[in-house]
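Have a look at entry21.pdb below; it lists PDB, C-alpha atoms.
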ATOM      1  CA  MET A   1      75.122 170.421  39.656  1.00  0.00           C
ATOM      2  CA  THR A   2      72.823 168.571  42.052  1.00  0.00           C
ATOM      3  CA  PRO A   3      74.512 168.054  45.440  1.00  0.00           C
ATOM      4  CA  LEU A   4      75.041 164.453  46.475  1.00  0.00           C
ATOM      5  CA  LEU A   5      73.581 165.212  49.914  1.00  0.00           C
ATOM      6  CA  SER A   6      71.624 168.261  51.023  1.00  0.00           C
ATOM      7  CA  PHE A   7      69.841 169.426  54.161  1.00  0.00           C
ATOM      8  CA  LEU A   8      67.361 172.300  53.963  1.00  0.00           C
ATOM      9  CA  ASN A   9      66.153 173.770  57.278  1.00  0.00           C
ATOM     10  CA  VAL A  10      66.254 170.352  58.924  1.00  0.00           C
ATOM     11  CA  SER A  11      65.106 169.992  62.524  1.00  0.00           C
ATOM     12  CA  LYS A  12      64.846 166.968  64.784  1.00  0.00           C
ATOM     13  CA  ARG A  13      63.425 166.673  68.295  1.00  0.00           C
ATOM     14  CA  CYS A  14      63.453 163.970  70.964  1.00  0.00           C
ATOM     15  CA  SER A  15      61.459 163.313  74.109  1.00  0.00           C
ATOM     16  CA  ASP A  16      63.157 164.110  77.410  1.00  0.00           C
ATOM     17  CA  GLY A  17      61.150 163.710  80.595  1.00  0.00           C
ATOM     18  CA  GLY A  18      57.838 164.264  78.863  1.00  0.00           C
ATOM     19  CA  ARG A  19      58.907 167.323  76.900  1.00  0.00           C
ATOM     20  CA  GLU A  20      60.175 167.753  73.348  1.00  0.00           C
ATOM     21  CA  VAL A  21      63.791 168.869  73.145  1.00  0.00           C
ATOM     22  CA  PRO A  22      65.397 170.096  69.881  1.00  0.00           C
ATOM     23  CA  VAL A  23      68.344 167.938  68.797  1.00  0.00           C
ATOM     24  CA  LEU A  24      68.880 169.679  65.451  1.00  0.00           C
ATOM     25  CA  ASP A  25      67.576 173.157  64.716  1.00  0.00           C
ATOM     26  CA  ARG A  26      67.074 174.289  61.099  1.00  0.00           C
ATOM     27  CA  VAL A  27      70.344 172.849  59.784  1.00  0.00           C
ATOM     28  CA  SER A  28      71.195 173.434  56.126  1.00  0.00           C
ATOM     29  CA  LEU A  29      74.195 172.127  54.197  1.00  0.00           C
ATOM     30  CA  GLU A  30      75.190 170.715  50.823  1.00  0.00           C
ATOM     31  CA  ILE A  31      77.851 168.124  50.032  1.00  0.00           C
ATOM     32  CA  ASP A  32      78.952 167.450  46.477  1.00  0.00           C
ATOM     33  CA  ALA A  33      80.187 164.124  45.135  1.00  0.00           C
ATOM     34  CA  GLY A  34      83.783 163.512  46.177  1.00  0.00           C
ATOM     35  CA  ALA A  35      83.802 166.213  48.889  1.00  0.00           C
ATOM     36  CA  SER A  36      85.001 165.660  52.450  1.00  0.00           C
ATOM     37  CA  VAL A  37      83.214 167.357  55.340  1.00  0.00           C
ATOM     38  CA  GLY A  38      84.059 167.264  59.027  1.00  0.00           C
ATOM     39  CA  VAL A  39      81.686 168.183  61.850  1.00  0.00           C
ATOM     40  CA  TYR A  40      83.216 169.023  65.215  1.00  0.00           C
ATOM     41  CA  GLY A  41      81.054 168.957  68.330  1.00  0.00           C
ATOM     42  CA  ALA A  42      80.916 167.894  71.949  1.00  0.00           C
ATOM     43  CA  ARG A  43      78.853 164.973  73.179  1.00  0.00           C
ATOM     44  CA  ARG A  44      75.103 165.605  72.863  1.00  0.00           C
ATOM     45  CA  SER A  45      75.701 168.474  70.436  1.00  0.00           C
ATOM     46  CA  GLY A  46      73.529 166.873  67.746  1.00  0.00           C
ATOM     47  CA  LYS A  47      76.277 165.569  65.481  1.00  0.00           C
ATOM     48  CA  SER A  48      75.304 161.889  65.698  1.00  0.00           C
ATOM     49  CA  THR A  49      71.695 162.763  64.888  1.00  0.00           C
ATOM     50  CA  LEU A  50      72.935 164.786  61.909  1.00  0.00           C
ATOM     51  CA  LEU A  51      74.826 161.752  60.600  1.00  0.00           C
ATOM     52  CA  ARG A  52      71.925 159.337  61.067  1.00  0.00           C
ATOM     53  CA  LEU A  53      69.666 161.673  59.124  1.00  0.00           C
ATOM     54  CA  ALA A  54      72.322 161.906  56.398  1.00  0.00           C
ATOM     55  CA  ALA A  55      72.435 158.110  56.133  1.00  0.00           C
ATOM     56  CA  GLY A  56      68.646 157.729  56.084  1.00  0.00           C
ATOM     57  CA  ILE A  57      68.657 155.794  59.356  1.00  0.00           C
ATOM     58  CA  ALA A  58      66.399 158.442  60.915  1.00  0.00           C
ATOM     59  CA  LEU A  59      64.026 160.966  59.349  1.00  0.00           C
ATOM     60  CA  ALA A  60      63.738 164.690  60.035  1.00  0.00           C
ATOM     61  CA  ASP A  61      60.751 166.124  61.890  1.00  0.00           C
ATOM     62  CA  SER A  62      60.800 169.109  59.540  1.00  0.00           C
ATOM     63  CA  GLY A  63      62.854 170.310  56.606  1.00  0.00           C
ATOM     64  CA  ILE A  64      64.165 168.228  53.713  1.00  0.00           C
ATOM     65  CA  VAL A  65      67.079 165.791  53.438  1.00  0.00           C
ATOM     66  CA  ARG A  66      67.912 164.805  49.869  1.00  0.00           C
ATOM     67  CA  PHE A  67      70.355 162.233  48.538  1.00  0.00           C
ATOM     68  CA  ASP A  68      71.234 162.677  44.881  1.00  0.00           C
ATOM     69  CA  GLY A  69      68.179 164.921  44.491  1.00  0.00           C
ATOM     70  CA  ARG A  70      65.710 162.491  46.096  1.00  0.00           C
ATOM     71  CA  ASP A  71      63.791 163.416  49.242  1.00  0.00           C
ATOM     72  CA  MET A  72      64.572 160.687  51.783  1.00  0.00           C
ATOM     73  CA  ALA A  73      61.265 161.206  53.570  1.00  0.00           C
ATOM     74  CA  LYS A  74      59.429 160.236  50.377  1.00  0.00           C
ATOM     75  CA  MET A  75      61.353 156.977  50.007  1.00  0.00           C
ATOM     76  CA  THR A  76      59.910 153.745  51.347  1.00  0.00           C
ATOM     77  CA  VAL A  77      61.653 151.962  54.207  1.00  0.00           C
ATOM     78  CA  GLY A  78      62.906 149.417  51.670  1.00  0.00           C
ATOM     79  CA  GLU A  79      64.324 152.120  49.399  1.00  0.00           C
ATOM     80  CA  ARG A  80      66.213 153.734  52.273  1.00  0.00           C
ATOM     81  CA  GLY A  81      67.474 150.318  53.330  1.00  0.00           C
ATOM     82  CA  ARG A  82      68.816 149.619  49.829  1.00  0.00           C
ATOM     83  CA  LEU A  83      70.437 153.040  49.796  1.00  0.00           C
ATOM     84  CA  LEU A  84      72.188 152.274  53.081  1.00  0.00           C
ATOM     85  CA  ARG A  85      73.400 148.928  51.731  1.00  0.00           C
ATOM     86  CA  GLY A  86      74.715 150.485  48.523  1.00  0.00           C
ATOM     87  CA  ALA A  87      75.299 154.173  47.789  1.00  0.00           C
ATOM     88  CA  ILE A  88      75.634 155.165  51.467  1.00  0.00           C
ATOM     89  CA  ALA A  89      77.776 153.440  54.073  1.00  0.00           C
ATOM     90  CA  PHE A  90      77.430 154.296  57.768  1.00  0.00           C
ATOM     91  CA  MET A  91      80.173 153.522  60.260  1.00  0.00           C
ATOM     92  CA  SER A  92      79.977 153.901  64.042  1.00  0.00           C
ATOM     93  CA  ALA A  93      81.889 152.038  66.730  1.00  0.00           C
ATOM     94  CA  GLU A  94      78.625 151.679  68.661  1.00  0.00           C
ATOM     95  CA  ASP A  95      77.101 149.680  65.791  1.00  0.00           C
ATOM     96  CA  TRP A  96      79.774 146.963  65.718  1.00  0.00           C
ATOM     97  CA  ARG A  97      78.179 143.541  65.439  1.00  0.00           C
ATOM     98  CA  ALA A  98      79.752 140.195  64.569  1.00  0.00           C
ATOM     99  CA  ASN A  99      78.311 136.686  64.716  1.00  0.00           C
ATOM    100  CA  PRO A 100      79.916 134.185  67.107  1.00  0.00           C
ATOM    101  CA  GLY A 101      82.663 132.239  65.329  1.00  0.00           C
ATOM    102  CA  GLU A 102      82.482 134.411  62.194  1.00  0.00           C
ATOM    103  CA  SER A 103      85.830 135.049  60.506  1.00  0.00           C
ATOM    104  CA  VAL A 104      86.913 138.565  59.589  1.00  0.00           C
ATOM    105  CA  VAL A 105      86.756 137.820  55.849  1.00  0.00           C
ATOM    106  CA  ASP A 106      83.234 136.421  56.164  1.00  0.00           C
ATOM    107  CA  HIS A 107      82.173 139.415  58.246  1.00  0.00           C
ATOM    108  CA  VAL A 108      83.218 141.721  55.403  1.00  0.00           C
ATOM    109  CA  ALA A 109      81.916 139.403  52.670  1.00  0.00           C
ATOM    110  CA  THR A 110      78.407 139.321  54.143  1.00  0.00           C
ATOM    111  CA  ALA A 111      78.148 143.063  53.482  1.00  0.00           C
ATOM    112  CA  LEU A 112      78.029 142.156  49.775  1.00  0.00           C
ATOM    113  CA  GLY A 113      75.037 139.846  50.064  1.00  0.00           C
ATOM    114  CA  SER A 114      72.730 142.176  48.123  1.00  0.00           C
ATOM    115  CA  GLU A 115      75.029 142.341  45.081  1.00  0.00           C
ATOM    116  CA  GLY A 116      74.251 138.869  43.736  1.00  0.00           C
ATOM    117  CA  LEU A 117      77.786 137.576  44.292  1.00  0.00           C
ATOM    118  CA  THR A 118      78.587 134.008  45.248  1.00  0.00           C
ATOM    119  CA  MET A 119      80.228 133.644  48.658  1.00  0.00           C
ATOM    120  CA  ARG A 120      83.500 132.796  46.933  1.00  0.00           C
ATOM    121  CA  GLU A 121      83.347 136.010  44.878  1.00  0.00           C
ATOM    122  CA  ALA A 122      82.363 138.032  47.937  1.00  0.00           C
ATOM    123  CA  ARG A 123      85.283 136.593  49.942  1.00  0.00           C
ATOM    124  CA  ARG A 124      87.686 137.409  47.100  1.00  0.00           C
ATOM    125  CA  ARG A 125      86.567 141.042  47.078  1.00  0.00           C
ATOM    126  CA  ALA A 126      86.626 141.161  50.875  1.00  0.00           C
ATOM    127  CA  LEU A 127      90.219 139.898  50.976  1.00  0.00           C
ATOM    128  CA  GLY A 128      91.284 142.628  48.566  1.00  0.00           C
ATOM    129  CA  ILE A 129      89.641 145.359  50.644  1.00  0.00           C
ATOM    130  CA  LEU A 130      91.025 143.950  53.906  1.00  0.00           C
ATOM    131  CA  ASP A 131      94.527 143.985  52.453  1.00  0.00           C
ATOM    132  CA  GLU A 132      93.993 147.598  51.391  1.00  0.00           C
ATOM    133  CA  VAL A 133      93.123 148.676  54.944  1.00  0.00           C
ATOM    134  CA  GLY A 134      96.089 146.837  56.446  1.00  0.00           C
ATOM    135  CA  VAL A 135      94.512 143.508  57.446  1.00  0.00           C
ATOM    136  CA  GLY A 136      96.574 140.758  55.839  1.00  0.00           C
ATOM    137  CA  ALA A 137      95.650 137.220  54.877  1.00  0.00           C
ATOM    138  CA  ALA A 138      96.324 135.872  58.380  1.00  0.00           C
ATOM    139  CA  GLY A 139      94.225 138.573  60.015  1.00  0.00           C
ATOM    140  CA  ALA A 140      91.380 137.890  57.591  1.00  0.00           C
ATOM    141  CA  GLN A 141      90.993 134.399  59.075  1.00  0.00           C
ATOM    142  CA  GLU A 142      90.798 135.608  62.686  1.00  0.00           C
ATOM    143  CA  VAL A 143      87.503 135.368  64.563  1.00  0.00           C
ATOM    144  CA  ALA A 144      85.856 138.784  64.262  1.00  0.00           C
ATOM    145  CA  THR A 145      84.626 138.843  67.868  1.00  0.00           C
ATOM    146  CA  SER A 146      88.222 138.467  69.143  1.00  0.00           C
ATOM    147  CA  LEU A 147      89.554 141.647  67.500  1.00  0.00           C
ATOM    148  CA  SER A 148      91.098 144.538  69.369  1.00  0.00           C
ATOM    149  CA  LEU A 149      89.508 147.987  69.073  1.00  0.00           C
ATOM    150  CA  THR A 150      92.143 149.060  66.533  1.00  0.00           C
ATOM    151  CA  GLU A 151      91.666 145.936  64.407  1.00  0.00           C
ATOM    152  CA  ARG A 152      87.898 146.198  64.641  1.00  0.00           C
ATOM    153  CA  THR A 153      87.939 149.763  63.301  1.00  0.00           C
ATOM    154  CA  ARG A 154      89.896 148.738  60.221  1.00  0.00           C
ATOM    155  CA  VAL A 155      87.543 145.817  59.598  1.00  0.00           C
ATOM    156  CA  MET A 156      84.535 148.123  59.915  1.00  0.00           C
ATOM    157  CA  LEU A 157      86.096 150.410  57.299  1.00  0.00           C
ATOM    158  CA  ALA A 158      86.712 147.430  55.002  1.00  0.00           C
ATOM    159  CA  ARG A 159      83.087 146.350  55.370  1.00  0.00           C
ATOM    160  CA  ALA A 160      81.936 149.873  54.509  1.00  0.00           C
ATOM    161  CA  LEU A 161      84.239 150.186  51.481  1.00  0.00           C
ATOM    162  CA  ALA A 162      83.353 146.751  50.126  1.00  0.00           C
ATOM    163  CA  ARG A 163      80.000 147.996  48.840  1.00  0.00           C
ATOM    164  CA  LYS A 164      81.660 150.859  46.893  1.00  0.00           C
ATOM    165  CA  PRO A 165      79.532 153.627  48.420  1.00  0.00           C
ATOM    166  CA  ARG A 166      79.277 157.135  47.012  1.00  0.00           C
ATOM    167  CA  LEU A 167      79.021 158.600  50.526  1.00  0.00           C
ATOM    168  CA  LEU A 168      80.729 157.299  53.645  1.00  0.00           C
ATOM    169  CA  VAL A 169      79.270 158.609  56.918  1.00  0.00           C
ATOM    170  CA  LEU A 170      81.425 158.117  60.024  1.00  0.00           C
ATOM    171  CA  ASP A 171      80.556 158.821  63.649  1.00  0.00           C
ATOM    172  CA  GLU A 172      83.646 159.001  65.903  1.00  0.00           C
ATOM    173  CA  PRO A 173      85.602 156.891  63.410  1.00  0.00           C
ATOM    174  CA  ALA A 174      88.696 155.884  65.369  1.00  0.00           C
ATOM    175  CA  GLN A 175      88.293 155.426  69.113  1.00  0.00           C
ATOM    176  CA  MET A 176      91.738 153.888  69.498  1.00  0.00           C
ATOM    177  CA  PRO A 177      94.004 154.037  72.571  1.00  0.00           C
ATOM    178  CA  ASN A 178      97.195 154.530  70.523  1.00  0.00           C
ATOM    179  CA  LEU A 179      97.655 157.935  68.862  1.00  0.00           C
ATOM    180  CA  GLY A 180      99.877 156.481  66.147  1.00  0.00           C
ATOM    181  CA  ASP A 181      97.196 153.958  65.199  1.00  0.00           C
ATOM    182  CA  ARG A 182      94.627 156.756  65.054  1.00  0.00           C
ATOM    183  CA  ASP A 183      96.763 158.929  62.783  1.00  0.00           C
ATOM    184  CA  ARG A 184      97.443 156.015  60.442  1.00  0.00           C
ATOM    185  CA  PHE A 185      93.735 155.213  60.297  1.00  0.00           C
ATOM    186  CA  TYR A 186      92.797 158.815  59.469  1.00  0.00           C
ATOM    187  CA  ALA A 187      95.402 158.889  56.694  1.00  0.00           C
ATOM    188  CA  LEU A 188      94.058 155.584  55.360  1.00  0.00           C
ATOM    189  CA  LEU A 189      90.505 156.939  55.439  1.00  0.00           C
ATOM    190  CA  ARG A 190      91.392 160.081  53.475  1.00  0.00           C
ATOM    191  CA  SER A 191      93.397 158.089  50.959  1.00  0.00           C
ATOM    192  CA  ALA A 192      90.582 155.582  50.385  1.00  0.00           C
ATOM    193  CA  ALA A 193      88.062 158.388  49.813  1.00  0.00           C
ATOM    194  CA  ARG A 194      90.362 160.261  47.446  1.00  0.00           C
ATOM    195  CA  GLU A 195      91.163 157.193  45.342  1.00  0.00           C
ATOM    196  CA  ARG A 196      87.475 156.283  45.006  1.00  0.00           C
ATOM    197  CA  GLY A 197      86.081 159.782  44.478  1.00  0.00           C
ATOM    198  CA  MET A 198      83.868 159.046  47.467  1.00  0.00           C
ATOM    199  CA  ALA A 199      82.305 161.765  49.620  1.00  0.00           C
ATOM    200  CA  LEU A 200      83.040 161.757  53.353  1.00  0.00           C
ATOM    201  CA  LEU A 201      80.928 163.094  56.198  1.00  0.00           C
ATOM    202  CA  VAL A 202      82.804 162.658  59.483  1.00  0.00           C
ATOM    203  CA  ALA A 203      81.786 163.809  62.960  1.00  0.00           C
ATOM    204  CA  SER A 204      83.987 163.722  66.043  1.00  0.00           C
ATOM    205  CA  GLU A 205      84.743 165.282  69.411  1.00  0.00           C
ATOM    206  CA  GLU A 206      88.423 165.203  68.424  1.00  0.00           C
ATOM    207  CA  MET A 207      89.890 167.705  65.970  1.00  0.00           C
ATOM    208  CA  ALA A 208      92.568 165.185  64.983  1.00  0.00           C
ATOM    209  CA  ALA A 209      89.897 163.034  63.330  1.00  0.00           C
ATOM    210  CA  LEU A 210      88.896 165.944  61.090  1.00  0.00           C
ATOM    211  CA  GLN A 211      92.305 167.048  59.863  1.00  0.00           C
ATOM    212  CA  GLY A 212      92.586 167.221  56.085  1.00  0.00           C
ATOM    213  CA  VAL A 213      88.860 167.514  55.350  1.00  0.00           C
ATOM    214  CA  GLY A 214      87.778 169.933  52.638  1.00  0.00           C
ATOM    215  CA  VAL A 215      85.180 171.672  54.809  1.00  0.00           C
ATOM    216  CA  LEU A 216      85.206 171.911  58.589  1.00  0.00           C
ATOM    217  CA  MET A 217      82.039 172.852  60.481  1.00  0.00           C
ATOM    218  CA  SER A 218      81.070 172.871  64.138  1.00  0.00           C
ATOM    219  CA  ILE A 219      77.796 172.043  65.821  1.00  0.00           C
ATOM    220  CA  ALA A 220      76.525 172.988  69.274  1.00  0.00           C
ATOM    221  CA  ASP A 221      73.083 172.601  70.846  1.00  0.00           C
ATOM    222  CA  GLY A 222      71.735 171.286  67.556  1.00  0.00           C
ATOM    223  CA  GLU A 223      72.821 174.328  65.554  1.00  0.00           C
ATOM    224  CA  LEU A 224      75.388 174.313  62.776  1.00  0.00           C
ATOM    225  CA  CYS A 225      77.046 177.366  64.226  1.00  0.00           C
ATOM    226  CA  SER A 226      80.237 178.008  62.268  1.00  0.00           C
ATOM    227  CA  THR A 227      82.337 177.050  59.300  1.00  0.00           C
ATOM    228  CA  GLU A 228      86.044 177.397  58.673  1.00  0.00           C
ATOM    229  CA  GLU A 229      87.776 177.651  55.361  1.00  0.00           C
ATOM    230  CA  GLN A 230      89.832 174.599  54.486  1.00  0.00           C
ATOM    231  CA  GLY A 231      89.647 174.451  50.738  1.00  0.00           C
ATOM    232  CA  SER A 232      86.396 175.343  48.983  1.00  0.00           C
ATOM    233  CA  VAL A 233      83.794 176.755  51.339  1.00  0.00           C
ATOM    234  CA  VAL A 234      80.929 179.065  50.463  1.00  0.00           C
ATOM    235  CA  ARG A 235      79.360 180.870  53.415  1.00  0.00           C
ATOM    236  CA  LEU A 236      75.803 182.151  53.289  1.00  0.00           C
ATOM    237  CA  PRO A 237      75.309 184.236  56.447  1.00  0.00           C
ATOM    238  CA  GLY A 238      71.953 183.817  58.118  1.00  0.00           C
ATOM    239  CA  LEU A 239      71.335 180.380  56.625  1.00  0.00           C
ATOM    240  CA  GLY A 240      74.105 178.469  58.363  1.00  0.00           C
ATOM    241  CA  LEU A 241      74.797 176.749  55.056  1.00  0.00           C
ATOM    242  CA  ALA A 242      78.214 175.483  53.973  1.00  0.00           C
ATOM    243  CA  ARG A 243      78.729 174.055  50.504  1.00  0.00           C
ATOM    244  CA  ALA A 244      81.466 171.463  50.080  1.00  0.00           C
ATOM    245  CA  GLU A 245      82.909 171.441  46.596  1.00  0.00           C
ATOM    246  CA  ARG A 246      84.718 168.415  45.255  1.00  0.00           C
ATOM    247  CA  SER A 247      88.399 168.650  46.070  1.00  0.00           C
ATOM    248  CA  GLY A 248      91.057 167.920  43.516  1.00  0.00           C
TER     249      GLY A 248
END

Spit out the file's structure as structure tokens when you get a sec.
Amino acid sequence: MTPLLSFLNVSKRCSDGGREVPVLDRVSLEIDAGASVGVYGARRSGKSTLLRLAAGIALADSGIVRFDGRDMAKMTVGERGRLLRGAIAFMSAEDWRANPGESVVDHVATALGSEGLTMREARRRALGILDEVGVGAAGAQEVATSLSLTERTRVMLARALARKPRLLVLDEPAQMPNLGDRDRFYALLRSAARERGMALLVASEEMAALQGVGVLMSIADGELCSTEEQGSVVRLPGLGLARAERSG
């Protein structure tokens, strides 16, 4: 079976004071449809770069990243953009944007603009998704820019789910001050993925965000340096490759 997402010897560098510094170093992994994968790493470990390559936001300097068998580097900018608006959803607290005066329901509905829906149809779907993530009818009419961090995170998830992606990529998914809110969000995230048969790729500095994933990996200094068994994991020593099978 063709993996939904695969990395083969992927490396990425960045400029730092006039010299090239490796951010990812020969990373290989495979994620099947419906699998859930967590990547644990400290700040500047390379995990955010890994996720942006997985979503097609950035391209590798060497190696191959494939989505559903297609080499992302061989796609046009437009093709990668359509992929990111459809089959792949990317969620990061740093990427939160809302227009002044925009309601929560309209913020989610605008994510469906490429699907040919009328605004009324898009709002109807958005309301259903918002209710699913715990934002009721009253909350849907709030101004998006006025939301608390906890509320904003749920709305970001609703916006991501609205497009019915096959892969949801999340970078530090729940930076919430209240531990109870965080735990409820993580449970909601796992439930949403399971019900939709959607693959998850989640990276965080906090182990709590990665509880319940099918495959847990760690990254340090740009290297995918270990894997732990939590469900179906296949280790291939020397390649640093972990295969995530679909969980039941």

Leaving out range 114-125 of chain A and any residue of its chain fewer than 6 positions from it, which residues lie within 8 Å of it when counting only C-alpha atoms, given as number ranges by chain? A: 85, 105-106, 108, 162

So that I can see what lies close to range 190-197 of chain A, please list as JSON, numbers by chain the residues with an atom at most 9 Å from it, counting all atoms listed in the file and leaving out residues fewer than 2 positions away in the same chain. {"A": [33, 34, 35, 36, 132, 133, 161, 164, 166, 168, 185, 186, 187, 188, 199, 200, 212, 213, 246, 247, 248]}

Return as a list in words the set of residues that the PyMOL selection byres ((chain A and resi 70) around 12) yields on the displayed structure.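 Going through the file, the PyMOL selection byres ((chain A and resi 70) around 12) ends up selecting Thr2, Pro3, Leu4, Leu5, Ser6, Phe7, Gly56, Ile64, Val65, Arg66, Phe67, Asp68, Gly69, Asp71, Met72, Ala73, Lys74, Met75, Thr76, Glu79, Arg80 and Leu83 of chain A.
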
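The list of residues within 12 Å of (64.5, 166.4, 68.8), counted using only C-alpha atoms, is Val10, Ser11, Lys12, Arg13, Cys14, Ser15, Asp16, Arg19, Glu20, Val21, Pro22, Val23, Leu24, Asp25, Arg26, Arg44, Ser45, Gly46, Thr49, Leu50, Leu53, Ala58, Leu59, Ala60, Asp61, Ser62, Asp221, Gly222 and Glu223 of chain A.
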
How many Å lie between CA of Phe90 in chain A and CA of Asn9 in chain A, rounded to one decimal? 22.5 Å

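Once the PyMOL selection byres ((chain A and resi 141-155) around 7) is applied to the depicted file, the selected set reads Ala98, Pro100, Gly101, Glu102, Ser103, Val104, Val105, Leu130, Val133, Ala137, Ala138, Gly139, Ala140, Met156, Leu157, Ala158, Arg159, Ala174 and Met176 of chain A.
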
What is the distance, in Å and to one decimal place, between CA of Gln211 in chain A and CA of Asp183 in chain A? 9.7 Å

Give me, please, the distance in Å between CA of Gly41 in chain A and CA of Val169 in chain A, quoted to one decimal.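 That distance, rounded to one decimal, is 15.5 Å.
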
Looking at A:Asn99, A:Gly18, A:Leu8, A:Arg43, which one is nearest to Gly63 in chain A, with distances taken over only C-alpha atoms? A:Leu8

Please determine, counting all atoms listed in the file, which residue among A:Val39, A:Ile129, A:Val135, A:Ile31 has the shortest atom-to-atom distance to Leu216 in chain A.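 Nearest to Leu216 in chain A: A:Val39.
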
Centre and size of axis-aligned box enclosing range 53-63 of chain A plus 3 Å each side, as JSON:
{"center_x": 66.6, "center_y": 163.1, "center_z": 59.0, "size_x": 17.7, "size_y": 20.5, "size_z": 11.8}

I'd like to know which of A:Val37, A:Met198, A:Ser48, A:Asp32 is closest to Met217 in chain A, using all atoms listed in the file.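 Smallest distance to Met217 in chain A is found for A:Val37.
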
Counting all atoms listed in the file, which residue out of A:Ser204, A:Ile219, A:Ile57, A:Pro165 sits closest to Gly78 in chain A?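 For Gly78 in chain A, the nearest of the candidates is A:Ile57.
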
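Shell of Ser92 in chain A at 7 Å, with all atoms listed in the file counted and residues fewer than 6 places along the chain excluded, is Leu170, Asp171, Glu172 and Pro173 of chain A.
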